[in-house]
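Colleague: Pasting a structure here, questions to come.
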2 protein chains.
Amino acid sequence: MTITAKNGRATGSQLDEQLAIDTIRTLSIDAVQAANSGHPGAPMGMAPMAYVLWTRFLRHSPTQPSWPDRDRFVLSAGHASMLLYSLLYLTGYDLSLDEIRHFRQYGSRTPGHPEFGLTPGVEATTGPLGQGFANAVGMAMAERRLAAEFDRPGHQIVDHRTYCICSDGDLQEGITAEAASLAGHLRLGRLIVLYDDNQVQLDGPTAWAWSEDVLGRFDAYGWHTARVEDGNDTEAIAAAVGAARDDPRPSLIAVRTVIGYGSPNRAGTQKAHGQPLGADEVRLTKQAYGWDPDLDFHVPEDALGHFRRAVPHGEELVAEWQARFERYAAEYPAEANELRRRLAGRLPPAWADELPAYDAGTELATRNASQNALQVLGRSLPELIGGAADLSESNLTDIRGEPDFSADEAGRNIRFGVREHAMGGIGNGLAYHGGLIPYLGTFLNFSDYMRGAVRAEADSGAIPDLILIATGSELQLAVSARVELESEGIRVRVVSLPCWELFAAQPQAYRDEVLPPDIGKRVSIEAGVAQGWERWVGPDGAMICVERFGASAPGVHIFAQFGFSAEHVCEVARGVLTGKLRGVVAPVPDHVAPGDPT
Amino acid sequence: MTITAKNGRATGSQLDEQLAIDTIRTLSIDAVQAANSGHPGAPMGMAPMAYVLWTRFLRHSPTQPSWPDRDRFVLSAGHASMLLYSLLYLTGYDLSLDEIRHFRQYGSRTPGHPEFGLTPGVEATTGPLGQGFANAVGMAMAERRLAAEFDRPGHQIVDHRTYCICSDGDLQEGITAEAASLAGHLRLGRLIVLYDDNQVQLDGPTAWAWSEDVLGRFDAYGWHTARVEDGNDTEAIAAAVGAARDDPRPSLIAVRTVIGYGSPNRAGTQKAHGQPLGADEVRLTKQAYGWDPDLDFHVPEDALGHFRRAVPHGEELVAEWQARFERYAAEYPAEANELRRRLAGRLPPAWADELPAYDAGTELATRNASQNALQVLGRSLPELIGGAADLSESNLTDIRGEPDFSADEAGRNIRFGVREHAMGGIGNGLAYHGGLIPYLGTFLNFSDYMRGAVRAEADSGAIPDLILIATGSELQLAVSARVELESEGIRVRVVSLPCWELFAAQPQAYRDEVLPPDIGKRVSIEAGVAQGWERWVGPDGAMICVERFGASAPGVHIFAQFGFSAEHVCEVARGVLTGKLRGVVAPVPDHVAPGDPT
């Protein structure tokens, strides 16, 4: 489907529209110029599509940015942050013009790339390309799941869309390919992505590295696709978004734009991408827009008034929804209370009461312990939703008795396919949305595939002769070794240290209790590199580790060959106690496969 | 294009063929059963396509596996390793039946997933899905580059193809999407991928997570695509591979197969994927093939003889190529010698002579230092080839004056696009091929996107009061701090420690010379987490680091706020010297953006 420009006279409304669009452009230009860094070109090209989306389609309330049933907007091309900051300020969010003036300055709420939790109206932290796209897929899944859980006949209380603007670079990233394939499979019709098709990326023309038929690819994924030939044609953009809303498939609308639109010497080139226009070119560009080149951060009153209609309109939307929710609460009080709890992010009081407890020494594979816990939490926490990247049979991530999340049914078991990176980004999107708690599973080795989507931050006896520190499967070796060492009269403490960061975040007194500073005889046991263990083991301890690539053999055999046996742990412990051994202990047996040469 | 089965009578040759194919299947079944772990189903389904490829198309020489002009074969679905090991043994590579019997056993050359450098004929280490596909793209690029460099009119001495077999899972991974898009853009016509379209993955039917039009997607990437409806129809497979060889585009041939073909109770289900069939089912399966169920690791003489024709045939191919190369060497002796050097992996004698040297204290951005070195090395090492993931303007990765690698010209500057993961896999493929040395660039932050493709293994001033350890951009802070501290009478050593692993691989005497064990007053300076520095800083030192998410502001300002100033380094150094300060030093200023909550 191709939508071309309508001819028409410039009416008063159209003049307002042009002024409003150019206000986004000039604010973006001035902020980048003042910061002397940033990306002016993308906001200049994207301004019309963003204007249309935010003034005609996006159901949001600038004064109540956390309204649960708002449409979500994700700027996947996070480097175009001034586009979003301009829209937030202009439509009346709690973000002042002064914050725009301090773009990219220390302590401002306008960092170079948007940060969730810092700036009202920013729905996702974006910048590394493709993450926002996958976040948007996760948000659309969250909406569908919550609607399926809480909507009742005649009561649509979860009823919103997810909009996303992405760039060429977003569409080159593999995470986007994975997320798009899954979105098509799940027929996420409430997901609408506008693609800023400006044919330029950082190094030069996209044609240097990219010649695929992007829309053909998305057709193959099962998406509705459309093209808008002129990115300044607001009516064509509106028609395309309208058609996308009516399609049951997720939609990708390619909007042909000019990067740095209006800049006489930089438009359409990579020079408009990642650097300020420069004072002279800023003046020339403003003149090209018909603006006074002597005015910086100028916001025409007409433009501001035009945008600020979003405030009363948003308040009406919220009031209407609240009335709807009250009718729902009257008829379905339990469901309404549950939804309130979920949206507030509160856990139910007894959520952990039935978690299984195991006696020390109980033999249980960690995956089984996880599976057992998941079944209990699956019952006590209906907000739990997740799955694995085609490893649910191994990671045991299914909540038993629950349906899958498919195109037909929004169940709680998600089949991500072999798509680790998208799984990470989608999980973040589920969390961003609210009302759900996502969990994800894969093998540790493959977690590297999703590393770009992983952000973790810790919020937060008798005196032994020796401390054995281990995590997960290696703990059983420590426990076995303790039995042997204690039979020799050595007092041993076994410490399970599953998360360094959480432990480091504990008070010093607690840490000293667990790992007394004067007990320097310590041995860590982990079938991975030693790096990072030095902090906990110290200069007088030893780290049983693997400092080379693995090898292939039955698990018990390979573990023993690499020194992961209770006997070897005891031997190392004795060496540490006598002072003969310290540092890295990584036996390299003969006859193992070399690594590859790269 | 769809190729369907030909009807025909079973001739003697066809009987040989069936026996040969079933020998691959039974060897794979028996090896997995003996190991009691592994993946039998994929080799059973893929056997006919692999048979056709290896006996009718692949130009290789089992007795000379390093012949430079051999076709490359990459099993991207590395879990199907028994397919490859069976072929290697049967066609006469230096891999005995005894090694097949010891599949997945410690010290064998038949590990669970193929390892380059361990087993003759294994061209790439595969297993994590998608890596092999990207490696194959890199190999096809290497072939094109070397042909462009060395072939002369009438002399085609670099003239081979890259074949790859991949799985559903490979095609779900984003790295494959990225690599396929670039391969289509570059029109790598000598790359032919057979896709084992068996509709089953680990968790269950692929339809649970995947419903895209895969061939439509590859059409959109600019690939030639074809479908073989019956994966047991060897003539249809051969016709499709033949057509692919004649097409100037890279080719994807979807071959519809049955996972675990022949297994009465497991064929076509995920139970055939990742576990042994079990003794009873092994017997039933052999009976279904018309084989004696009492025989294990049985290799019929007729089948072995049929496969072993590859040995004399391969020797003929090599002899013919050697004669061709001798004619080339007679006419182009310098080129022939250069190619010999390159293929042997030897560096020219004076390769490093013109590398720039800088006086200590010279101010130069690391990216500029890299750029300067690259220009020199680009001249002295014509095998150097590489680029960046749309960051060549920032990473300064271009070799000036050299053309780009495009569909039309095999230049040395590769435009990878915003495709970090594929860049990593392709770089590995360039290295695997031989004759070229790849280099790759991106920002450290985005290197996480390619982490799955990164495998690194190290092969290998008077006594100071204090040691400052830093790398890269932070070194200048250490140098500045030394000037200040020395003015206070403190003797300071500055150590540049760019690679822990390489340093750790040095002899203890050298390490003790650089970091004398009795100098415990040490300060590390790195704008990243402290994890890993403990080993080098020790218990009496301090680590100036960042233990939270970043913030947005001009670089100098943000560095200072987080403690990365010469003044702060001096302050920490004094604290360490007086014993008042040790461990993690990570100032967290007010008014910084919180991280996202995931």
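Note on naming: chains are A, B, ... as they come in the structure tokens, residues start from 1 per chain, ligands start from 1 in the order shown.
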With chain A laid on chain B by least squares, using all C-alpha atoms in order, how large is the RMSD?

Modeller: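 Chain B versus chain A: RMSD of 0.2 Å.
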
Colleague: According to DSSP computed on the backbone, where in region 137-171 of chain A is there helix (DSSP H, G or I)? Give the residues as number ranges by chain.

Modeller: A: 137-150, 168-171

Colleague: Would you tabulate, counting only C-alpha atoms, all residues of chain B that have an atom at most 6 Å from an atom of chain A, showing the closest pair of atoms and their distance in Å to one decimal, sorted by chain then ascending number, as a Markdown table?

Modeller:
| residue | atom | partner | partner_atom | distance |
| --- | --- | --- | --- | --- |
| B:Arg104 | CA | A:Ala553 | CA | 4.7 |
| B:Gln105 | CA | A:Ala553 | CA | 4.2 |
| B:Tyr106 | CA | A:Ala553 | CA | 4.7 |
| B:Gly107 | CA | A:His591 | CA | 4.7 |
| B:Pro111 | CA | A:Ser552 | CA | 4.7 |
| B:Gly112 | CA | A:Ser552 | CA | 5.6 |
| B:Phe116 | CA | A:Asp596 | CA | 5.7 |
| B:Leu118 | CA | A:Ala593 | CA | 5.7 |
| B:Gly169 | CA | A:Val418 | CA | 5.4 |
| B:Gln172 | CA | A:Val418 | CA | 5.6 |
| B:Glu173 | CA | A:Arg419 | CA | 5.3 |
| B:Gly174 | CA | A:Gly174 | CA | 3.6 |
| B:Ile175 | CA | A:Gly174 | CA | 5.5 |
| B:Ala177 | CA | A:Gly174 | CA | 5.9 |
| B:Glu178 | CA | A:Gly174 | CA | 5.5 |
| B:His185 | CA | A:Ser211 | CA | 5.4 |
| B:Leu202 | CA | A:Asp390 | CA | 5.9 |
| B:Asp203 | CA | A:Asp390 | CA | 5.4 |
| B:Ala209 | CA | A:Gly417 | CA | 5.2 |
| B:Trp210 | CA | A:His185 | CA | 5.9 |
| B:Ser211 | CA | A:His185 | CA | 5.4 |
| B:Glu212 | CA | A:Tyr221 | CA | 4.5 |
| B:Asp213 | CA | A:Ala220 | CA | 4.7 |
| B:Gly216 | CA | A:Ala220 | CA | 5.4 |
| B:Arg217 | CA | A:Arg217 | CA | 4.7 |
| B:Ala220 | CA | A:Asp213 | CA | 4.8 |
| B:Tyr221 | CA | A:Glu212 | CA | 4.5 |
| B:Asp390 | CA | A:Asp203 | CA | 5.4 |
| B:Glu393 | CA | A:Asp203 | CA | 5.9 |
| B:Arg415 | CA | A:Ala209 | CA | 5.5 |
| B:Gly417 | CA | A:Ala209 | CA | 5.2 |
| B:Val418 | CA | A:Gly169 | CA | 5.4 |
| B:Arg419 | CA | A:Glu173 | CA | 5.3 |
| B:Asp448 | CA | A:Gly452 | CA | 5.2 |
| B:Tyr449 | CA | A:Gly452 | CA | 5.2 |
| B:Arg451 | CA | A:Asp448 | CA | 5.7 |
| B:Gly452 | CA | A:Tyr449 | CA | 5.2 |
| B:Gln531 | CA | A:Gly532 | CA | 5.0 |
| B:Gly532 | CA | A:Gly532 | CA | 4.5 |
| B:Glu534 | CA | A:Arg535 | CA | 5.4 |
| B:Arg535 | CA | A:Glu534 | CA | 5.4 |
| B:Ser552 | CA | A:Pro111 | CA | 4.6 |
| B:Ala553 | CA | A:Gln105 | CA | 4.2 |
| B:His591 | CA | A:Gly107 | CA | 4.7 |
| B:Val592 | CA | A:Gly107 | CA | 5.4 |
| B:Ala593 | CA | A:Leu118 | CA | 5.6 |
| B:Asp596 | CA | A:Phe116 | CA | 5.6 |

Colleague: Quick one: residues within 7 Å of region 92-96 of chain A, only C-alpha atoms, excluding same-chain residues fewer than 5 positions away - as an MDAnalysis selection string?

Modeller: chainID A and resid 62:63 120 308 311

Colleague: Can you pull out the residues contacting Leu497 (chain B)? Cut-off 7 Å, using only C-alpha atoms, and skip same-chain residues under 3 positions away; I want them as a CSV table (one decimal) with all heavy atoms, in the first residue's frame.

Modeller:
chain,number,residue,atom,x,y,z
B,469,ILE,N,47.4,2.1,37.9
B,469,ILE,CA,47.2,1.2,36.8
B,469,ILE,C,46.0,1.7,36.0
B,469,ILE,O,44.9,2.0,36.6
B,469,ILE,CB,46.9,-0.2,37.3
B,469,ILE,CG1,47.9,-0.6,38.4
B,469,ILE,CG2,47.0,-1.2,36.1
B,469,ILE,CD1,47.6,-2.0,39.0
B,470,ALA,N,46.1,1.8,34.7
B,470,ALA,CA,45.0,2.3,33.9
B,470,ALA,C,45.1,1.8,32.5
B,470,ALA,O,46.1,1.2,32.1
B,470,ALA,CB,45.0,3.9,33.9
B,471,THR,N,44.1,2.0,31.7
B,471,THR,CA,44.1,1.6,30.3
B,471,THR,C,43.4,2.7,29.5
B,471,THR,O,42.6,3.4,30.0
B,471,THR,CB,43.3,0.3,30.1
B,471,THR,OG1,41.9,0.6,30.2
B,471,THR,CG2,43.6,-0.8,31.1
B,500,TRP,N,44.1,-7.8,30.7
B,500,TRP,CA,44.4,-8.7,31.8
B,500,TRP,C,44.9,-10.1,31.4
B,500,TRP,O,45.8,-10.6,32.0
B,500,TRP,CB,43.2,-8.9,32.7
B,500,TRP,CG,42.7,-7.6,33.4
B,500,TRP,CD1,43.4,-6.5,33.7
B,500,TRP,CD2,41.3,-7.4,33.8
B,500,TRP,NE1,42.5,-5.6,34.3
B,500,TRP,CE2,41.3,-6.1,34.4
B,500,TRP,CE3,40.1,-8.2,33.7
B,500,TRP,CZ2,40.1,-5.6,34.9
B,500,TRP,CZ3,39.0,-7.6,34.3
B,500,TRP,CH2,39.0,-6.3,34.9

Colleague: For Arg72 (chain A), list every protein, DNA or RNA residue within 9 Å, evaluated using only C-alpha atoms, and leave out those in the same chain fewer than 3 positions away; present the list as a list in words.

Modeller: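 What passes the distance filter is Leu58, Arg59, His60, Asp69, Glu123, Ala136, Met139, Ala140, His160, Arg161, Thr162, Tyr163, Cys164 and His433 of chain A.
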
Colleague: Which is closer to Ala272 (chain B) than all the others in B:Val52, B:Ala336, B:Met44, B:Ala323, using only C-alpha atoms?

Modeller: B:Met44

Colleague: Write out as a PyMOL selection string all residues of region 182-407 of chain B that backbone DSSP assigns to strand (DSSP E or B).

Modeller: chain B and resi 191-197+200-201+204-205+224-228+251-256+384-388+404-405

Colleague: Using only C-alpha atoms, find the one residue out of B:Ala236, B:Ala410, B:Val74, B:Leu88 that sits nearest to Ala142 (chain B).

Modeller: B:Ala410

Colleague: Calculate how many Å separate CA of Gly231 (chain A) from CA of Ile24 (chain A), rounding to one decimal.

Modeller: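 Distance reported for this atom pair: 14.8 Å.
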
Colleague: What's around region 369-386 of chain A at 7 Å? Count only C-alpha atoms, leave out sequence neighbours fewer than 2 positions away in its own chain, and write the answer as number ranges by chain.

Modeller: A: 351, 354-356, 364-367, 396-397, 399-400, 412-414, 435-440

Colleague: Name the residues in contact with Glu281 (chain B) at a cut-off of 8 Å, using only C-alpha atoms, excluding same-chain residues fewer than 3 positions from it; report them as a list in words.

Modeller: Ser263, Pro264, Asn265, Leu277, Gly278, Leu284 and Thr285 of chain B
